[in-house]
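Reproduced below: work23.txt, with compact mmCIF, C-alpha atoms.
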# COMPACT_ATOMS: atom_id res chain seq x y z
CA MET A 1 154.71 103.15 181.44
CA SER A 2 150.97 103.30 181.93
CA ALA A 3 148.45 102.86 179.14
CA LYS A 4 147.72 106.59 179.22
CA GLU A 5 151.42 107.43 178.88
CA ASN A 6 151.92 105.00 175.98
CA LYS A 7 151.42 107.24 172.96
CA LEU A 8 152.31 104.44 170.57
CA ASP A 9 149.01 102.60 170.89
CA THR A 10 147.20 102.09 167.59
CA LYS A 11 143.72 103.60 167.51
CA SER A 12 140.82 101.12 167.11
CA LEU A 13 137.98 102.49 164.99
CA MET A 14 134.44 101.23 164.54
CA PRO A 15 133.24 100.64 160.95
CA ASP A 16 130.58 103.35 161.22
CA ALA A 17 130.48 106.77 159.58
CA SER A 18 132.71 108.29 162.25
CA GLY A 19 135.29 105.51 162.05
CA VAL A 20 135.38 105.60 158.25
CA LYS A 21 135.80 109.39 158.35
CA GLN A 22 138.74 109.09 160.74
CA ALA A 23 140.33 106.35 158.62
CA ILE A 24 140.01 108.53 155.52
CA ALA A 25 141.63 111.50 157.29
CA ILE A 26 144.60 109.35 158.36
CA LEU A 27 145.09 107.97 154.85
CA GLN A 28 144.82 111.44 153.29
CA SER A 29 147.57 112.64 155.64
CA GLY A 30 149.90 109.82 154.57
CA GLY A 31 149.24 107.50 157.49
CA LEU A 32 148.56 103.76 157.80
CA VAL A 33 145.21 102.13 158.56
CA ALA A 34 144.49 98.41 158.74
CA LEU A 35 141.22 97.75 156.91
CA PRO A 36 139.05 94.63 156.79
CA THR A 37 138.47 92.92 153.46
CA GLU A 38 136.57 89.73 152.69
CA THR A 39 139.91 87.86 152.61
CA VAL A 40 142.22 89.19 155.35
CA TYR A 41 142.92 92.57 156.95
CA GLY A 42 145.04 94.80 154.72
CA LEU A 43 147.51 97.46 155.85
CA ALA A 44 146.43 100.40 153.72
CA ALA A 45 148.20 103.54 152.54
CA ASN A 46 147.82 105.95 149.64
CA ALA A 47 149.14 103.92 146.71
CA LEU A 48 150.17 107.11 144.88
CA ASN A 49 152.25 108.42 147.79
CA ALA A 50 155.70 106.79 147.80
CA GLN A 51 156.47 107.99 151.33
CA ALA A 52 153.24 106.53 152.68
CA VAL A 53 153.94 103.25 150.87
CA GLN A 54 157.41 103.08 152.43
CA LYS A 55 155.71 103.22 155.84
CA ILE A 56 153.94 99.95 154.97
CA PHE A 57 157.27 98.27 154.29
CA ALA A 58 158.74 99.65 157.52
CA ALA A 59 155.79 98.64 159.73
CA LYS A 60 155.67 95.13 158.28
CA GLU A 61 159.46 94.76 158.07
CA ARG A 62 158.78 93.75 154.49
CA PRO A 63 161.59 93.54 151.93
CA SER A 64 161.37 96.10 149.15
CA PHE A 65 161.46 93.41 146.43
CA ASP A 66 158.00 92.07 147.34
CA PRO A 67 155.28 94.00 145.41
CA LEU A 68 151.98 95.24 146.82
CA ILE A 69 148.40 94.92 145.58
CA VAL A 70 146.49 98.10 144.74
CA HIS A 71 142.84 98.22 145.81
CA VAL A 72 140.34 100.22 143.78
CA PRO A 73 136.74 101.40 144.35
CA GLY A 74 133.71 99.54 143.02
CA PRO A 75 131.18 98.35 142.25
CA THR A 76 132.24 98.46 138.58
CA PRO A 77 135.62 99.18 137.00
CA ASP A 78 136.34 102.51 135.34
CA TRP A 79 139.25 101.49 133.13
CA GLU A 80 139.40 104.75 131.18
CA GLU A 81 139.49 106.85 134.34
CA TRP A 82 142.12 104.63 135.93
CA VAL A 83 144.29 105.00 132.83
CA ARG A 84 143.71 108.77 132.76
CA MET A 85 144.72 108.97 136.43
CA GLY A 86 147.88 106.98 135.71
CA TRP A 87 146.95 103.92 137.75
CA LEU A 88 147.10 101.62 134.70
CA ASP A 89 148.85 101.70 131.34
CA SER A 90 146.77 102.57 128.28
CA SER A 91 147.38 99.10 126.80
CA VAL A 92 144.50 97.79 128.91
CA LEU A 93 142.10 99.91 126.82
CA LYS A 94 142.52 97.85 123.65
CA GLU A 95 139.09 96.64 122.55
CA ARG A 96 139.78 92.90 122.84
CA THR A 97 141.64 93.33 126.11
CA LEU A 98 138.77 95.31 127.60
CA THR A 99 136.28 92.66 126.51
CA THR A 100 138.08 90.02 128.57
CA LEU A 101 138.72 92.29 131.56
CA ASN A 102 135.07 93.31 131.68
CA LEU A 103 133.93 89.69 131.61
CA TRP A 104 136.13 88.93 134.61
CA ALA A 105 135.05 92.08 136.41
CA LYS A 106 131.38 91.25 135.81
CA ASP A 107 131.76 87.76 137.32
CA TYR A 108 134.34 88.31 140.08
CA TRP A 109 134.47 91.99 141.14
CA PRO A 110 133.99 93.18 143.77
CA GLY A 111 135.61 90.06 145.18
CA PRO A 112 138.77 88.09 145.94
CA LEU A 113 140.39 88.39 142.50
CA THR A 114 143.66 90.23 141.84
CA LEU A 115 144.67 90.91 138.23
CA ILE A 116 148.32 91.55 137.31
CA LEU A 117 148.13 94.36 134.73
CA PRO A 118 150.50 96.88 133.06
CA LYS A 119 150.92 99.72 135.55
CA GLY A 120 150.52 103.42 134.90
CA ASN A 121 153.12 106.08 135.64
CA ALA A 122 151.31 107.38 138.75
CA ILE A 123 152.00 104.15 140.64
CA PRO A 124 155.37 104.52 142.44
CA ASP A 125 158.04 101.89 141.87
CA ALA A 126 157.87 101.19 145.60
CA VAL A 127 154.42 99.66 145.10
CA SER A 128 155.42 97.40 142.21
CA SER A 129 158.97 96.73 143.46
CA GLY A 130 160.24 98.14 140.19
CA LEU A 131 158.12 95.86 138.00
CA THR A 132 156.20 97.12 134.98
CA THR A 133 153.03 95.43 136.24
CA VAL A 134 150.85 95.91 139.30
CA GLY A 135 148.21 93.80 141.05
CA ILE A 136 144.74 95.39 140.97
CA ARG A 137 141.85 94.26 143.18
CA MET A 138 138.35 95.53 143.88
CA PRO A 139 137.55 94.28 147.41
CA ARG A 140 134.03 93.25 148.37
CA SER A 141 134.22 94.47 151.98
CA ASP A 142 131.66 97.18 152.72
CA ALA A 143 134.00 98.84 155.22
CA MET A 144 136.91 99.06 152.82
CA GLN A 145 134.68 100.17 149.95
CA SER A 146 133.32 102.95 152.16
CA VAL A 147 136.86 104.19 152.62
CA LEU A 148 137.73 103.82 148.93
CA GLN A 149 134.59 105.73 147.94
CA GLY A 150 135.64 108.62 150.16
CA ILE A 151 139.13 109.18 148.75
CA SER A 152 140.57 110.13 145.36
CA PHE A 153 143.40 107.59 145.31
CA PRO A 154 143.72 103.79 145.34
CA LEU A 155 145.07 101.93 148.35
CA ALA A 156 148.14 99.75 148.55
CA ALA A 157 147.23 97.14 151.15
CA PRO A 158 149.21 93.96 151.85
CA SER A 159 148.15 91.81 154.79
CA ALA A 160 148.35 93.72 158.08
CA ASN A 161 150.95 91.58 159.84
CA ARG A 162 154.71 91.30 160.07
CA PHE A 163 156.24 90.05 156.86
CA GLY A 164 156.12 86.28 156.36
CA ARG A 165 153.94 85.67 159.41
CA ILE A 166 150.35 84.49 159.76
CA SER A 167 147.87 86.80 158.05
CA PRO A 168 145.29 88.56 160.27
CA THR A 169 141.59 87.87 159.97
CA THR A 170 140.44 89.98 162.94
CA ALA A 171 141.38 93.41 164.27
CA SER A 172 142.86 91.80 167.38
CA HIS A 173 145.25 89.81 165.15
CA VAL A 174 146.43 93.11 163.65
CA LEU A 175 147.03 94.64 167.06
CA GLU A 176 148.93 91.56 168.28
CA GLU A 177 151.66 92.33 165.75
CA LEU A 178 151.41 95.97 164.73
CA ASN A 179 150.12 97.86 167.77
CA GLY A 180 152.10 101.07 167.96
CA LYS A 181 153.49 100.65 164.46
CA ILE A 182 150.42 101.88 162.55
CA ASP A 183 147.95 104.70 163.11
CA ALA A 184 144.65 102.83 163.30
CA VAL A 185 142.70 99.67 162.59
CA LEU A 186 139.09 99.73 161.39
CA ASP A 187 137.45 96.85 163.26
CA GLY A 188 135.05 95.16 160.85
CA GLY A 189 134.94 91.82 162.67
CA ALA A 190 136.22 88.53 161.30
CA CYS A 191 136.93 88.31 157.58
CA ASN A 192 134.46 86.13 155.68
CA ILE A 193 136.79 84.12 153.45
CA GLY A 194 139.97 83.97 155.51
CA VAL A 195 142.67 83.38 152.85
CA GLU A 196 144.12 85.91 150.46
CA SER A 197 142.82 86.71 146.98
CA THR A 198 143.41 84.59 143.90
CA ILE A 199 146.13 86.29 141.86
CA VAL A 200 145.88 85.94 138.08
CA ARG A 201 148.46 86.95 135.52
CA PRO A 202 146.95 87.55 132.06
CA HIS A 203 149.39 87.05 129.19
CA PHE A 204 149.13 89.69 126.47
CA LYS A 205 149.88 89.47 122.78
CA GLY A 206 149.20 92.53 120.71
CA GLU A 207 145.74 93.84 121.54
CA GLU A 208 144.35 90.81 123.32
CA ILE A 209 144.81 88.52 126.29
CA ILE A 210 145.80 85.09 125.00
CA SER A 211 146.08 83.07 128.23
CA LEU A 212 146.01 83.35 131.98
CA GLU A 213 148.16 81.96 134.74
CA ILE A 214 147.33 81.49 138.42
CA LEU A 215 150.12 82.92 140.57
CA ARG A 216 148.39 82.45 143.92
CA PRO A 217 145.36 80.21 144.53
CA GLY A 218 142.41 81.45 146.53
CA ALA A 219 138.64 81.18 146.58
CA ILE A 220 138.10 81.42 142.81
CA ASP A 221 137.94 78.33 140.60
CA PRO A 222 140.62 78.78 137.90
CA SER A 223 138.64 76.79 135.34
CA SER A 224 135.60 79.02 135.86
CA LEU A 225 137.82 82.07 135.44
CA ALA A 226 139.16 80.72 132.14
CA GLU A 227 135.67 79.85 130.96
CA SER A 228 134.32 83.26 131.96
CA GLY A 229 136.93 85.11 129.91
CA LYS A 230 137.00 82.49 127.18
CA ILE A 231 140.76 82.41 127.70
CA PRO A 232 142.86 79.23 127.98
CA MET A 233 144.72 78.44 131.18
CA GLN A 234 148.49 78.43 130.96
CA ALA A 235 150.46 75.84 132.88
CA PRO A 236 152.12 77.38 135.95
CA SER A 237 155.47 78.83 135.01
CA THR A 238 158.64 78.39 137.00
CA LYS A 239 159.67 81.91 135.97
CA HIS A 240 157.79 83.91 138.58
CA PHE A 241 160.69 86.26 139.22
CA GLU A 242 161.84 88.91 136.76
CA LYS A 243 165.47 90.01 136.28
CA THR A 244 165.05 92.32 139.27
CA ASN A 245 164.58 89.17 141.39
CA ALA A 246 161.23 90.57 142.46
CA PRO A 247 158.36 88.07 142.60
CA LEU A 248 155.56 88.94 140.20
CA ALA A 249 153.00 88.93 143.02
CA PRO A 250 152.78 88.78 146.82
CA GLY A 251 152.79 85.47 148.69
CA MET A 252 155.05 83.65 146.23
CA LEU A 253 158.11 83.12 148.42
CA ASP A 254 158.77 79.56 149.59
CA SER A 255 158.31 80.53 153.23
CA HIS A 256 155.28 82.66 154.02
CA TYR A 257 152.17 82.81 156.27
CA ALA A 258 154.36 81.14 158.92
CA PRO A 259 153.98 80.86 162.69
CA ARG A 260 157.02 81.53 164.85
CA THR A 261 156.81 77.95 166.10
CA PRO A 262 158.43 75.42 163.72
CA MET A 263 155.72 73.54 161.82
CA LYS A 264 155.93 70.30 159.87
CA TRP A 265 153.74 67.72 158.19
CA ASP A 266 153.56 64.12 159.35
CA HIS A 267 151.86 62.28 156.51
CA ALA A 268 151.98 59.01 158.40
CA GLY A 269 148.83 60.23 160.11
CA VAL A 270 146.79 59.69 156.94
CA SER A 271 146.22 55.98 157.46
CA ASP A 272 147.50 55.05 160.90
CA HIS A 273 149.73 56.38 163.61
CA ALA A 274 152.12 53.47 163.78
CA GLY A 275 154.51 55.35 161.54
CA VAL A 276 154.23 58.76 163.18
CA SER A 277 157.71 60.17 163.59
CA ASP A 278 159.32 60.06 166.99
CA HIS A 279 158.79 63.34 168.86
CA SER A 280 160.28 62.13 172.10
CA GLY A 281 160.35 64.75 174.82
CA LEU A 282 158.78 67.46 172.66
CA SER A 283 155.76 69.59 173.39
CA LEU A 284 153.38 69.53 170.42
CA ALA A 285 150.53 71.62 169.11
CA VAL A 286 148.66 69.33 166.71
CA LEU A 287 146.64 70.36 163.67
CA GLU A 288 144.62 67.49 162.22
CA LEU A 289 143.48 67.85 158.62
CA PRO A 290 140.20 66.41 157.28
CA HIS A 291 141.85 63.31 155.79
CA ALA A 292 143.56 61.86 158.83
CA ALA A 293 143.07 58.90 161.10
CA PRO A 294 142.11 59.76 164.68
CA PRO A 295 145.16 60.72 166.74
CA PRO A 296 146.66 58.14 169.06
CA ALA A 297 145.06 57.80 172.49
CA SER A 298 148.45 58.50 174.01
CA TRP A 299 151.78 59.70 172.71
CA SER A 300 154.84 57.70 173.72
CA ASN A 301 158.33 58.76 174.75
CA ASN A 302 157.27 61.66 176.96
CA THR A 303 155.67 63.58 174.10
CA LYS A 304 153.39 66.27 175.49
CA VAL A 305 150.44 67.44 173.38
CA LEU A 306 149.50 70.94 174.52
CA LYS A 307 146.51 71.26 172.21
CA HIS A 308 144.83 69.32 169.44
CA ALA A 309 142.88 71.24 166.79
CA LYS A 310 141.02 69.84 163.80
CA LEU A 311 140.44 71.71 160.56
CA SER A 312 136.88 71.60 159.28
CA SER A 313 136.02 69.33 156.36
CA ASP A 314 133.95 72.18 154.89
CA PRO A 315 136.26 74.23 152.65
CA ASN A 316 134.61 77.57 153.41
CA GLN A 317 134.77 77.01 157.16
CA ALA A 318 138.32 75.62 156.92
CA ALA A 319 139.55 78.72 155.08
CA HIS A 320 137.65 81.03 157.42
CA GLU A 321 139.27 79.53 160.52
CA LEU A 322 142.73 78.57 159.20
CA TYR A 323 144.77 81.57 160.29
CA ALA A 324 142.98 81.91 163.63
CA VAL A 325 143.72 78.23 164.39
CA LEU A 326 147.38 78.66 163.45
CA ARG A 327 147.65 81.72 165.69
CA ASP A 328 146.10 79.82 168.61
CA LEU A 329 148.56 76.96 168.17
CA ASP A 330 151.49 79.34 167.77
CA ALA A 331 150.58 81.16 170.99
CA LEU A 332 151.16 77.93 172.96
CA GLN A 333 154.92 78.23 172.32
CA ALA A 334 155.21 74.49 171.75
CA ASP A 335 158.39 72.94 170.41
CA LEU A 336 156.58 72.00 167.22
CA ILE A 337 153.27 72.44 165.41
CA LEU A 338 152.58 69.03 163.90
CA ILE A 339 150.21 68.69 160.94
CA LEU A 340 148.57 65.29 160.69
CA GLY A 341 146.95 63.99 157.52
CA SER A 342 146.05 65.64 154.24
CA LEU A 343 143.46 67.88 152.61
CA PRO A 344 140.73 66.95 150.13
CA LYS A 345 141.76 67.22 146.49
CA PRO A 346 141.91 70.79 145.14
CA GLU A 347 139.54 69.73 142.37
CA GLU A 348 136.80 69.34 144.97
CA HIS A 349 136.89 73.07 145.79
CA PRO A 350 139.36 75.86 144.90
CA LEU A 351 139.78 76.79 148.55
CA TRP A 352 141.49 73.45 149.23
CA HIS A 353 144.16 74.52 146.74
CA GLY A 354 144.52 77.83 148.58
CA ILE A 355 144.71 76.18 152.00
CA LEU A 356 147.29 73.67 150.74
CA ASP A 357 149.37 76.52 149.35
CA ARG A 358 149.26 78.42 152.66
CA LEU A 359 150.12 75.40 154.82
CA THR A 360 152.94 74.35 152.49
CA ARG A 361 154.56 77.77 152.64
CA ALA A 362 153.89 78.14 156.37
CA SER A 363 155.72 74.88 157.11
CA HIS A 364 158.68 75.57 154.79
CA ARG A 365 161.98 75.85 156.64
Here is a file; write its structure as structure tokens.
Amino acid sequence: MSAKENKLDTKSLMPDASGVKQAIAILQSGGLVALPTETVYGLAANALNAQAVQKIFAAKERPSFDPLIVHVPGPTPDWEEWVRMGWLDSSVLKERTLTTLNLWAKDYWPGPLTLILPKGNAIPDAVSSGLTTVGIRMPRSDAMQSVLQGISFPLAAPSANRFGRISPTTASHVLEELNGKIDAVLDGGACNIGVESTIVRPHFKGEEIISLEILRPGAIDPSSLAESGKIPMQAPSTKHFEKTNAPLAPGMLDSHYAPRTPMKWDHAGVSDHAGVSDHSGLSLAVLELPHAAPPPASWSNNTKVLKHAKLSSDPNQAAHELYAVLRDLDALQADLILILGSLPKPEEHPLWHGILDRLTRASHR
């Protein structure tokens, strides 16, 4: 079948006025558009349209128990309007609750922060996987905000890739996995941050937020978040799944963000390579982390290294390039992606915590 005969090709749109207009028309008709955010590309649909939301799950081959994040327009929150429209429950309008939410919004929105809040009745159960809460985020991306400003509904938008696989940070990454499965992708170039948003779960008591819990690490410093809202941090809970067995937020399953190629850590590479595990006869794609000794000059026992990549020691650059590097290594179809070494301590920069989280889940088997 020629390219002209293939009617399944996903349309690629430029992030100009014409492209935004076309993206809006598709979303208004119940279609799917991959949109760039500052974190990763999101696969967007009308969050108030259950049928459109189901298309997200079908395209991604995503299980129905994994909830979606709802993206809202900026640059400032309109809590009262969102409650009136049924996006959020009226409990968020309590005076003390609003004080904390507005402090966070002032410091971190638009930006890579997702808040788990009581959902309103206009949000379909398909979005929240039957939970009484929903993740709300105000993205910083100009392209996505242009779309959000042109519609009357919020957007459900998980990462625009097949479920459990490496998240996309360019339009070409989206097309590698979802071409023909979605209507369009708005090509806004490479995402600035490169790892998903920090997900925060505020804990409510009466009319106020009494503590917060980080469900997924990202670019935001949790201690700064706690200080900003004058709310204490709660130790991470092991109860991240409600009775429905649905995770409270996306990206919380043990295996996630994973390449198709098996991937594993070899911590012997931190100090020397004398103890590197035997990979006799295997083809390897090697990812060296910032805290690792130089790789051996040669690998014994017929080990074949197809490519050696090194993650930057700068946390912003490391996060920006992480998924692209993993995709490059995965494309080699090696027997194994081998991770050598370790990352700087998360205390040095919040992104190291996020990168550690992504690599840990990506290598889980």
**Item:** Selected residue of minimal separation from Ala293 in chain A among A:Leu326, A:Ser342, A:Gln51, A:Leu332, counting all atoms listed in the file
**Value:**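 Of A:Leu326, A:Ser342, A:Gln51, A:Leu332, the one nearest Ala293 in chain A, counting all atoms listed in the file, is A:Ser342.
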Contacts of range 115-196 of chain A with range 87-101 of chain A up to 8 Å, shortest pair per row, all atoms listed in the file, as CSV:
residue,atom,partner,partner_atom,distance
A:Leu117,CA,A:Leu88,CA,7.3
A:Pro118,CA,A:Asp89,CA,5.4
A:Lys119,CA,A:Leu88,CA,4.4
A:Gly120,CA,A:Leu88,CA,3.9
A:Asn121,CA,A:Trp87,CA,6.9
A:Ala122,CA,A:Trp87,CA,5.7
A:Ile123,CA,A:Trp87,CA,5.8
**Asked** Which residues, written as a PyMOL selection string, have at least one atom at most 10 Å from Leu253 in chain A, with only C-alpha atoms counted and residues fewer than 6 positions away on the same chain left out?
**Response** chain A and resi 66+164+240+247+361+364
**Counting all atoms listed in the file, the residue of A:Ala44, A:Ala34, A:Val305, A:Ala285 that sits nearest Ala331 in chain A** = A:Ala285
**Message:** What's the separation between CA of Glu348 in chain A and CA of Ser255 in chain A, in Å to one decimal place?
**Reply:** 25.6 Å
**Prompt:** In terms of the shortest atom-to-atom distance over only C-alpha atoms, which of A:Gly341, A:Pro232, A:Gly31, A:Gly130 is closest to Asp266 in chain A?
**Reply:**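 Checking each candidate against Asp266 in chain A, we get A:Gly341 as the closest.
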**Counting only C-alpha atoms, the option among A:Ile136, A:Ile355, A:Ala50, A:Ala58 closest to Gln317 in chain A** =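 Closest to Gln317 in chain A, using only C-alpha atoms: A:Ile355.
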**Asked** Using all atoms listed in the file, which of the listed residues (A:Gly30, A:Pro15, A:Gly251, A:Pro110) sits closest to Pro67 in chain A?
**Response**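 Closest residue, counting all atoms listed in the file: A:Gly251.
One distance worth recording is that between CA of Pro63 in chain A and CA of Leu248 in chain A, which is 14.0 Å.
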**Prompt:** Of the residues A:Leu287, A:Thr198, A:His279, A:Ile166, which is the one nearest to Tyr323 in chain A, using only C-alpha atoms?
**Reply:**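 Going through A:Leu287, A:Thr198, A:His279, A:Ile166 one by one, the smallest distance to Tyr323 in chain A is for A:Ile166.
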Do you know which residues are at most 12 Å from Ser146 in chain A counting all atoms listed in the file, after dropping those on the same chain fewer than 3 positions away, and could you put them as a JSON list (two decimals) with C-alpha atoms, keeping the file's coordinate frame?
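What follows is the written file part_28.json:
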[["chain", "number", "residue", "atom", "x", "y", "z"],
["A", 15, "PRO", "CA", 133.24, 100.64, 160.95],
["A", 16, "ASP", "CA", 130.58, 103.35, 161.22],
["A", 17, "ALA", "CA", 130.48, 106.77, 159.58],
["A", 18, "SER", "CA", 132.71, 108.29, 162.25],
["A", 19, "GLY", "CA", 135.29, 105.51, 162.05],
["A", 20, "VAL", "CA", 135.38, 105.60, 158.25],
["A", 21, "LYS", "CA", 135.80, 109.39, 158.35],
["A", 22, "GLN", "CA", 138.74, 109.09, 160.74],
["A", 23, "ALA", "CA", 140.33, 106.35, 158.62],
["A", 24, "ILE", "CA", 140.01, 108.53, 155.52],
["A", 35, "LEU", "CA", 141.22, 97.75, 156.91],
["A", 36, "PRO", "CA", 139.05, 94.63, 156.79],
["A", 37, "THR", "CA", 138.47, 92.92, 153.46],
["A", 72, "VAL", "CA", 140.34, 100.22, 143.78],
["A", 73, "PRO", "CA", 136.74, 101.40, 144.35],
["A", 74, "GLY", "CA", 133.71, 99.54, 143.02],
["A", 75, "PRO", "CA", 131.18, 98.35, 142.25],
["A", 139, "PRO", "CA", 137.55, 94.28, 147.41],
["A", 140, "ARG", "CA", 134.03, 93.25, 148.37],
["A", 141, "SER", "CA", 134.22, 94.47, 151.98],
["A", 142, "ASP", "CA", 131.66, 97.18, 152.72],
["A", 143, "ALA", "CA", 134.00, 98.84, 155.22],
["A", 149, "GLN", "CA", 134.59, 105.73, 147.94],
["A", 150, "GLY", "CA", 135.64, 108.62, 150.16],
["A", 151, "ILE", "CA", 139.13, 109.18, 148.75],
["A", 186, "LEU", "CA", 139.09, 99.73, 161.39],
["A", 188, "GLY", "CA", 135.05, 95.16, 160.85]]
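Pairwise distance (CA of Asn192 in chain A, CA of Ala219 in chain A) equals 11.2 Å.
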**Message:** So that I can check the surroundings of Asp314 in chain A, please list as a ChimeraX atom specification every protein, DNA and RNA residue that reaches within 12 Å of it, counting all atoms listed in the file and ignoring chain neighbours fewer than 3 positions away.
**Reply:** /A:289-291,310-311,317-322,343-344,348-352,355
May I have the centre and edge lengths, in Å to one decimal, of an axis-aligned box around the listed atoms of range 133-148 of chain A with 6 Å added to every side, as lines of an AutoDock Vina configuration file?
center_x = 142.3
center_y = 98.7
center_z = 145.7
size_x = 33.4
size_y = 22.9
size_z = 31.0
**Item:** 8 Å contact set for Thr169 in chain A, all atoms listed in the file, chain neighbours under 5 positions out, as a PyMOL selection string
**Value:** chain A and resi 36+39-41+190-191+194+323-324
**Request:** Show which residues sit within 7 Å of Thr10 in chain A, as a ChimeraX atom specification. Count all atoms listed in the file, and ignore same-chain residues fewer than 3 positions away.
**Result:** /A:179-180,182-184
